[in-house]
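Data block for final_24.cif (mmCIF, C-alpha atoms and all ligand atoms):
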```cif
data_upload
#
loop_
_atom_site.label_atom_id
_atom_site.label_comp_id
_atom_site.auth_asym_id
_atom_site.auth_seq_id
_atom_site.Cartn_x
_atom_site.Cartn_y
_atom_site.Cartn_z
CA MET A 1 144.04 -9.73 246.06
CA SER A 2 140.31 -10.40 245.87
CA ILE A 3 139.08 -11.08 242.34
CA PRO A 4 135.36 -10.55 241.65
CA LYS A 5 133.67 -13.72 240.36
CA SER A 6 131.99 -11.63 237.66
CA HIS A 7 135.35 -10.79 236.04
CA PRO A 8 135.36 -12.22 232.48
CA ARG A 9 138.85 -13.68 233.05
CA TYR A 10 138.10 -14.93 236.59
CA ARG A 11 139.52 -18.44 236.13
CA SER A 12 142.67 -17.19 234.49
CA LEU A 13 143.24 -14.58 237.21
CA ILE A 14 142.68 -17.14 239.97
CA THR A 15 145.25 -19.42 238.32
CA ARG A 16 147.76 -16.57 238.22
CA GLU A 17 147.13 -15.85 241.91
CA LYS A 18 147.65 -19.53 242.69
CA LEU A 19 150.99 -19.53 240.89
CA VAL A 20 152.14 -16.30 242.52
CA ARG A 21 151.24 -17.74 245.93
CA ALA A 22 153.18 -20.90 245.10
CA TRP A 23 156.11 -18.73 243.99
CA LYS A 24 156.04 -16.91 247.36
CA GLU A 25 155.98 -20.30 249.10
CA GLY A 26 159.07 -21.42 247.18
CA ILE A 27 157.31 -24.08 245.09
CA VAL A 28 157.31 -22.31 241.72
CA VAL A 29 160.40 -20.49 240.41
CA SER A 30 160.25 -17.06 238.75
CA GLU A 31 160.96 -18.75 235.42
CA GLY A 32 157.82 -20.84 236.01
CA LEU A 33 155.72 -17.67 235.95
CA ILE A 34 157.19 -16.79 232.57
CA ALA A 35 156.53 -20.33 231.32
CA HIS A 36 152.92 -20.01 232.45
CA GLY A 37 152.52 -16.82 230.39
CA ARG A 38 153.67 -18.66 227.30
CA GLY A 39 151.25 -21.48 227.99
CA GLU A 40 148.40 -19.00 228.52
CA ALA A 41 149.09 -17.36 225.18
CA PHE A 42 148.88 -20.69 223.36
CA ASP A 43 145.75 -21.62 225.29
CA TYR A 44 144.11 -18.41 224.07
CA LEU A 45 144.77 -19.54 220.52
CA PHE A 46 143.26 -22.97 221.24
CA GLY A 47 140.12 -21.29 222.64
CA GLU A 48 140.97 -22.63 226.14
CA GLU A 49 139.47 -25.98 225.22
CA THR A 50 140.80 -29.43 224.50
CA SER A 51 141.07 -29.84 220.74
CA ALA A 52 140.04 -33.05 218.98
CA PRO A 53 143.68 -34.02 218.20
CA ALA A 54 144.64 -33.41 221.85
CA LEU A 55 141.90 -35.79 222.89
CA VAL A 56 143.32 -38.45 220.55
CA ALA A 57 146.77 -37.93 222.10
CA GLU A 58 145.28 -38.16 225.60
CA LYS A 59 143.63 -41.48 224.80
CA THR A 60 146.94 -42.70 223.38
CA ALA A 61 148.75 -41.52 226.52
CA ALA A 62 146.33 -43.58 228.59
CA ALA A 63 146.97 -46.63 226.39
CA PHE A 64 150.75 -46.24 226.84
CA LEU A 65 150.48 -45.77 230.61
CA LEU A 66 148.25 -48.85 230.94
CA GLY A 67 150.65 -50.91 228.83
CA ALA A 68 153.66 -49.91 230.92
CA SER A 69 155.44 -52.13 233.44
CA ARG A 70 157.01 -49.20 235.31
CA PRO A 71 155.09 -45.97 234.58
CA VAL A 72 156.25 -42.76 236.27
CA LEU A 73 154.68 -39.30 236.44
CA SER A 74 157.25 -36.53 236.71
CA VAL A 75 156.33 -33.37 238.62
CA ASN A 76 157.94 -29.92 238.60
CA GLY A 77 157.07 -26.71 240.45
CA ASN A 78 154.36 -25.45 238.07
CA VAL A 79 152.65 -28.83 237.86
CA ALA A 80 152.64 -29.19 241.65
CA ALA A 81 151.17 -25.70 242.08
CA LEU A 82 148.50 -26.13 239.41
CA ALA A 83 147.60 -29.78 239.42
CA ALA A 84 148.80 -31.67 242.52
CA GLU A 85 145.41 -33.37 243.00
CA GLU A 86 145.11 -34.27 239.32
CA VAL A 87 148.59 -35.86 239.39
CA VAL A 88 147.75 -37.92 242.47
CA ALA A 89 144.40 -39.04 241.02
CA LEU A 90 146.05 -40.13 237.76
CA ALA A 91 148.87 -41.94 239.59
CA LYS A 92 146.30 -43.90 241.58
CA ALA A 93 144.19 -44.72 238.54
CA ILE A 94 147.07 -46.22 236.51
CA PRO A 95 148.76 -47.03 239.07
CA ALA A 96 152.09 -45.16 238.60
CA ARG A 97 154.88 -43.76 240.75
CA ILE A 98 155.34 -40.01 241.19
CA GLU A 99 158.78 -38.40 241.11
CA VAL A 100 159.66 -34.75 241.68
CA ASN A 101 162.20 -33.70 239.10
CA LEU A 102 163.23 -30.07 238.87
CA PHE A 103 165.19 -28.00 236.41
CA HIS A 104 165.93 -25.32 239.05
CA ARG A 105 166.56 -27.94 241.70
CA THR A 106 167.14 -27.15 245.36
CA GLU A 107 166.60 -29.67 248.15
CA SER A 108 164.18 -27.36 249.95
CA ARG A 109 162.01 -26.98 246.81
CA VAL A 110 161.90 -30.75 246.33
CA ARG A 111 160.90 -31.15 249.98
CA ARG A 112 158.11 -28.56 249.67
CA ILE A 113 156.73 -30.17 246.51
CA VAL A 114 156.85 -33.66 248.06
CA ARG A 115 154.93 -32.26 251.02
CA LEU A 116 152.33 -30.66 248.73
CA LEU A 117 151.80 -33.90 246.80
CA THR A 118 151.55 -35.88 250.04
CA LYS A 119 148.93 -33.44 251.29
CA ALA A 120 147.06 -33.99 248.01
CA GLY A 121 146.90 -37.72 248.84
CA ALA A 122 150.07 -39.27 247.38
CA LYS A 123 151.26 -42.30 249.38
CA GLU A 124 154.83 -42.18 248.10
CA VAL A 125 156.71 -39.45 246.23
CA LEU A 126 160.25 -39.96 244.93
CA GLY A 127 162.76 -37.19 244.40
CA LEU A 128 164.45 -36.48 247.71
CA ARG A 129 167.27 -38.99 247.57
CA PRO A 130 168.21 -39.45 243.90
CA ASP A 131 170.55 -42.38 243.25
CA ALA A 132 170.98 -42.16 239.47
CA ARG A 133 171.55 -39.72 236.60
CA ILE A 134 169.87 -39.44 233.22
CA PRO A 135 172.80 -39.84 230.79
CA GLY A 136 173.65 -36.88 228.56
CA LEU A 137 172.06 -34.18 230.74
CA GLU A 138 174.22 -31.50 232.36
CA SER A 139 171.46 -29.86 234.39
CA LYS A 140 170.18 -30.93 237.80
CA ARG A 141 167.25 -32.46 235.96
CA ALA A 142 169.57 -35.42 235.43
CA LEU A 143 169.19 -36.39 239.12
CA CYS A 144 166.63 -39.17 239.48
CA HIS A 145 165.73 -42.46 241.15
CA ARG A 146 166.58 -45.93 239.88
CA GLY A 147 163.18 -47.11 241.07
CA GLY A 148 161.51 -44.10 239.44
CA LEU A 149 162.38 -42.12 236.32
CA TYR A 150 165.64 -43.96 235.64
CA GLY A 151 164.06 -47.41 235.51
CA ALA A 152 160.70 -46.37 234.04
CA ASP A 153 159.53 -47.65 230.66
CA VAL A 154 156.84 -44.97 230.19
CA VAL A 155 157.16 -41.44 231.63
CA LEU A 156 154.71 -38.58 231.66
CA VAL A 157 156.48 -35.21 231.67
CA PRO A 158 154.16 -32.21 231.90
CA LEU A 159 155.57 -28.69 231.24
CA GLU A 160 158.89 -30.09 230.25
CA ASP A 161 162.01 -28.74 228.63
CA GLY A 162 163.12 -30.40 225.41
CA ASP A 163 166.51 -31.59 226.68
CA ARG A 164 165.15 -34.10 229.13
CA THR A 165 162.52 -35.37 226.70
CA GLU A 166 165.30 -36.13 224.23
CA ALA A 167 167.51 -37.72 226.91
CA LEU A 168 164.67 -39.92 228.20
CA ALA A 169 163.76 -40.97 224.66
CA ARG A 170 167.45 -41.86 224.03
CA MET A 171 167.21 -44.18 227.05
CA GLY A 172 164.50 -46.05 225.15
CA LYS A 173 161.54 -44.82 227.18
CA ALA A 174 158.18 -43.82 225.79
CA VAL A 175 157.80 -40.14 226.69
CA ILE A 176 154.38 -38.54 227.05
CA SER A 177 154.57 -34.74 227.20
CA VAL A 178 151.91 -32.21 228.14
CA ASP A 179 152.77 -28.83 226.62
CA LEU A 180 150.49 -26.17 225.16
CA ASN A 181 153.22 -25.14 222.73
CA PRO A 182 152.98 -27.50 219.75
CA LEU A 183 156.20 -26.04 218.32
CA SER A 184 158.36 -26.72 221.39
CA ARG A 185 161.21 -29.20 221.18
CA THR A 186 159.36 -31.20 223.83
CA SER A 187 156.25 -31.54 221.65
CA ARG A 188 158.36 -32.40 218.62
CA ARG A 189 160.49 -34.99 220.42
CA ALA A 190 157.98 -36.76 222.69
CA THR A 191 156.63 -40.19 221.76
CA VAL A 192 153.12 -38.93 222.55
CA PRO A 193 152.91 -35.12 222.60
CA VAL A 194 149.74 -33.95 224.32
CA VAL A 195 149.12 -30.32 223.34
CA ASP A 196 146.67 -29.28 226.03
CA GLU A 197 146.46 -27.43 229.34
CA VAL A 198 147.76 -29.62 232.15
CA ARG A 199 144.57 -29.37 234.28
CA ARG A 200 142.46 -30.51 231.34
CA ALA A 201 144.94 -33.10 230.08
CA LEU A 202 145.52 -35.07 233.30
CA PRO A 203 141.82 -35.72 234.12
CA ASN A 204 141.16 -36.58 230.45
CA ILE A 205 144.00 -39.12 230.49
CA GLY A 206 142.58 -40.47 233.76
CA ARG A 207 139.13 -40.93 232.19
CA PHE A 208 140.67 -42.84 229.27
CA VAL A 209 142.68 -44.98 231.70
CA ARG A 210 139.45 -46.04 233.37
CA GLU A 211 137.74 -46.59 230.01
CA LEU A 212 140.57 -48.68 228.52
CA ARG A 213 141.52 -50.65 231.62
CA GLY A 214 138.98 -53.38 230.86
CA ASN A 215 139.97 -53.56 227.19
CA PRO A 216 143.70 -54.31 226.79
CA ALA A 217 143.22 -55.31 223.13
CA GLU A 218 141.84 -51.85 222.32
CA ALA A 219 144.66 -50.19 224.30
CA ALA A 220 147.20 -52.23 222.31
CA ARG A 221 145.49 -51.29 219.03
CA ILE A 222 145.65 -47.58 219.97
CA ARG A 223 149.37 -47.86 220.78
CA ARG A 224 150.01 -49.66 217.49
CA THR A 225 148.06 -47.34 215.22
CA TYR A 226 148.91 -43.96 216.82
CA ASP A 227 150.43 -41.61 214.26
CA ARG A 228 152.34 -38.92 216.19
CA LYS A 229 153.31 -36.89 213.11
CA GLY A 230 149.74 -36.98 211.81
CA ASN A 231 148.43 -35.99 215.23
CA LEU A 232 150.79 -33.00 215.47
CA ARG A 233 149.83 -32.00 211.92
CA ALA A 234 146.18 -32.09 213.03
CA VAL A 235 147.07 -29.77 215.95
CA TYR A 236 148.73 -27.30 213.55
CA SER A 237 145.72 -27.48 211.19
CA PHE A 238 143.37 -26.87 214.10
CA LEU A 239 145.36 -23.76 215.10
CA ASN A 240 145.39 -22.58 211.52
CA TRP A 241 141.62 -23.06 211.26
CA ARG A 242 141.06 -21.20 214.57
CA LEU A 243 143.19 -18.26 213.47
CA GLY A 244 141.46 -18.18 210.07
CA ARG A 245 138.06 -18.19 211.74
CA LEU A 246 139.05 -15.39 214.11
CA GLY A 247 140.34 -13.37 211.13
CA ARG A 248 137.11 -13.91 209.20
CA ARG A 249 135.01 -12.90 212.23
CA ARG A 250 137.03 -9.66 212.60
CA ARG A 251 136.59 -8.84 208.89
CA ARG A 252 132.84 -9.54 209.08
CA ARG A 253 132.51 -7.23 212.10
CA ALA A 254 134.42 -4.47 210.31
CA VAL A 255 132.18 -4.81 207.22
CA THR A 256 129.02 -4.76 209.40
CA ARG A 257 130.24 -1.59 211.14
CA ARG A 258 130.96 0.08 207.76
CA ASP A 259 127.54 -0.88 206.38
CA SER A 260 125.46 0.04 209.44
CA PRO A 261 123.57 3.33 209.18
CA SER A 262 125.17 6.08 211.22
CA THR A 263 123.18 7.37 214.13
O1 LIG A 301 159.99 -26.27 238.54
P1 LIG A 301 161.22 -26.36 237.67
O2 LIG A 301 162.45 -25.89 238.37
O3 LIG A 301 161.43 -27.76 237.12
O4 LIG A 301 160.99 -25.41 236.39
C1 LIG A 301 159.79 -25.53 235.64
C2 LIG A 301 159.81 -24.67 234.34
C3 LIG A 301 158.39 -24.64 233.81
C4 LIG A 301 160.28 -23.27 234.69
C5 LIG A 301 160.78 -25.33 233.33
O5 LIG A 301 160.41 -26.65 233.09
C6 LIG A 301 160.84 -24.55 232.03
O6 LIG A 301 161.62 -23.62 231.86
O7 LIG A 301 159.96 -24.96 231.11
P2 LIG A 301 159.84 -24.27 229.63
O8 LIG A 301 161.02 -24.66 228.82
O9 LIG A 301 159.47 -22.84 229.76
O10 LIG A 301 158.61 -25.07 229.07
C7 LIG A 301 157.35 -25.04 229.67
C8 LIG A 301 156.31 -25.30 228.60
O11 LIG A 301 155.07 -25.52 229.24
C9 LIG A 301 156.09 -24.11 227.64
O12 LIG A 301 156.20 -24.56 226.31
C10 LIG A 301 154.66 -23.61 227.91
O13 LIG A 301 153.98 -23.29 226.73
C11 LIG A 301 154.04 -24.85 228.55
N1 LIG A 301 153.01 -24.53 229.54
C12 LIG A 301 152.98 -23.53 230.45
N2 LIG A 301 151.90 -23.61 231.23
C13 LIG A 301 151.22 -24.70 230.82
C14 LIG A 301 151.92 -25.31 229.74
N3 LIG A 301 151.49 -26.42 229.14
C15 LIG A 301 150.35 -26.99 229.61
N4 LIG A 301 149.63 -26.47 230.63
C16 LIG A 301 150.03 -25.34 231.27
N5 LIG A 301 149.33 -24.84 232.29
#
```
Rewrite the coordinates I just gave you, this time as structure tokens.
Amino acid sequence: MSIPKSHPRYRSLITREKLVRAWKEGIVVSEGLIAHGRGEAFDYLFGEETSAPALVAEKTAAAFLLGASRPVLSVNGNVAALAAEEVVALAKAIPARIEVNLFHRTESRVRRIVRLLTKAGAKEVLGLRPDARIPGLESKRALCHRGGLYGADVVLVPLEDGDRTEALARMGKAVISVDLNPLSRTSRRATVPVVDEVRRALPNIGRFVRELRGNPAEAARIRRTYDRKGNLRAVYSFLNWRLGRLGRRRRRRAVTRRDSPST
């Protein structure tokens, strides 16, 4: 479908088209389209911008990734469809390994996503020949690589489900999530929950990686002083403030309409 550039929701419609195309190509699952809708709804509430607390979490994520010995970026269908280039750029900047890890896993989907990431510039993508399992997970998401997710000390898990976040945290890993839903189990269980849209979050984290790389003492200070509960509280307060402001604007408009002379 051709979408006119002048459409007020052009970017959002293009994103939907991209996901639908990826669904037809067998990269995204149907459930991924539903998950995107939920993310979109939250992004509306955030004003489709990175909030100040999200930026703090993104800087902290960068500090954790730089401090890691074995950082891994996990990729699922939605992330590959929306942000393959951003994932590859971040992996190179850290540097970190990339592993495809799917909830609705089939070998052909993994292969397609590996191909997509390789086309986006990734040198190596794990996921095709898993040789380990994440303990305590029944789903196929448990399948992983010893040299990747299994052995990682810091993992970045965008658009995640809560189960794996909990399981990875139980293994003693620092888990960085990217999820627009601040109420999700993922956001509440991650070591560093980043409540932001994945295509804004990954480049922001990349920028902080470059900024902090030359200053390990500052990166260590950020890791030490990060207050995850306080940061999530700030996200909730921001949402509350946004909703309050929208409510006030509506009321003001209604009053103006009532007071304006009729024509
Ligand atoms: O590709 P697979 O098989 O691994 O499956 C991927 C999905 C996304 C279907 C699977 O991980 C899933 O069911 O995820 P959930 O439990 O629906 O969680 C996805 C979360 O991502 C939701 O809380 C959404 O709000 C959030 N989300 C959706 N789109 C975005 C997002 N967060 C950031 N950026 C987005 N673009």
| message | Applying 12 Å and all atoms listed in the file, which residues near Arg109 in chain A remain after dropping the ones on its own chain fewer than 5 positions away? List them as a list in words. | response |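 Everything that qualifies: Ala22, Trp23, Lys24, Glu25, Gly26, Ile27, Val28, Val29, Val75, Asn76, Gly77, Asn78, Ala80, Ala81, Val100, Asn101, Leu102, Phe103, His104, Val114, Arg115, Leu116, Gly127 and Leu128 of chain A.
Counting all atoms listed in the file, the residue from A:Leu73, A:Val178, A:Val194, A:Ala52 that sits nearest to ligand LIG 301 (chain A) is A:Val178.
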| said: What does the structure give for the distance between CA of Leu45 in chain A and CA of Arg242 in chain A, in Å to one decimal? | reply: 7.2 Å
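Here CA of Gly244 in chain A is placed at a distance of 23.7 Å from CA of Ala57 in chain A.
Considering all atoms listed in the file, the residue among A:Val209, A:Ala152, A:Ala83, A:Ala89 positioned nearest to Ile113 in chain A is A:Ala83.
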Counting all atoms listed in the file, which residues come within 7 Å of (156.5, -42.3, 230.5), with the point read in the file's coordinates, and could you list them as a PDB file with C-alpha atoms, keeping the file's coordinate frame?
```pdb
ATOM      1  CA  LEU A  65     150.480 -45.770 230.610  1.00  0.00           C
ATOM      2  CA  PRO A  71     155.090 -45.970 234.580  1.00  0.00           C
ATOM      3  CA  VAL A  72     156.250 -42.760 236.270  1.00  0.00           C
ATOM      4  CA  LEU A  73     154.680 -39.300 236.440  1.00  0.00           C
ATOM      5  CA  ALA A 152     160.700 -46.370 234.040  1.00  0.00           C
ATOM      6  CA  ASP A 153     159.530 -47.650 230.660  1.00  0.00           C
ATOM      7  CA  VAL A 154     156.840 -44.970 230.190  1.00  0.00           C
ATOM      8  CA  VAL A 155     157.160 -41.440 231.630  1.00  0.00           C
ATOM      9  CA  LEU A 156     154.710 -38.580 231.660  1.00  0.00           C
ATOM     10  CA  LYS A 173     161.540 -44.820 227.180  1.00  0.00           C
ATOM     11  CA  ALA A 174     158.180 -43.820 225.790  1.00  0.00           C
ATOM     12  CA  VAL A 175     157.800 -40.140 226.690  1.00  0.00           C
ATOM     13  CA  ILE A 176     154.380 -38.540 227.050  1.00  0.00           C
TER      14      ILE A 176
END
```
| request: Pull the neighbourhood of (149.7, -37.9, 220.6) for me: all residues within 12 Å in file coordinates, counting all atoms listed in the file, as a PyMOL selection string. | output: chain A and resi 51-64+174-179+182+187-196+201+205+222-223+225-235
| request: For each of A:Ala68, A:Ala93, A:Ala41, A:Leu159, take the minimum atom-to-atom distance to ligand LIG 301 (chain A), counting only C-alpha atoms and all ligand atoms, then give the residue where this is smallest. | output: A:Leu159
| request: Can you work out which one of A:Glu107, A:Glu197, A:Glu218, A:Glu166 has the shortest atom-to-atom distance to ligand LIG 301 (chain A), counting only C-alpha atoms and all ligand atoms? | output: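 For ligand LIG 301 (chain A), the nearest of the given residues is A:Glu197.
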Which centre and edge lengths in Å to one decimal define the box along x, y and z that fits every listed atom of ligand LIG 301 (chain A) plus 6 Å per side, as AutoDock Vina command-line options?
```
--center_x 155.9 --center_y -25.3 --center_z 232.4 --size_x 25.1 --size_y 16.9 --size_z 24.2
```
| message | For range 3-6 of chain A, find every residue with an atom within 10 Å (counting all atoms listed in the file), except residues of its own chain fewer than 6 positions away, and show them as a list in words. | response | Leu13, Ile14 and Glu17 of chain A
| said: Measuring between only C-alpha atoms, which one of A:Arg253, A:Lys123, A:Arg170, A:Arg9 shows the shortest distance to Tyr44 in chain A? | reply: A:Arg9
| By how many Å are CA of Val125 in chain A and atom P1 of ligand LIG 301 (chain A) apart? |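 If I compute the distance from CA of Val125 in chain A to atom P1 of ligand LIG 301 (chain A), I get 16.3 Å.
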| query | With all atoms listed in the file as the atoms that count, which of A:Arg105, A:Arg245, A:Arg97, A:Arg210 lies nearest to Ser74 in chain A? | reply |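 For Ser74 in chain A, the nearest of the given residues is A:Arg97.
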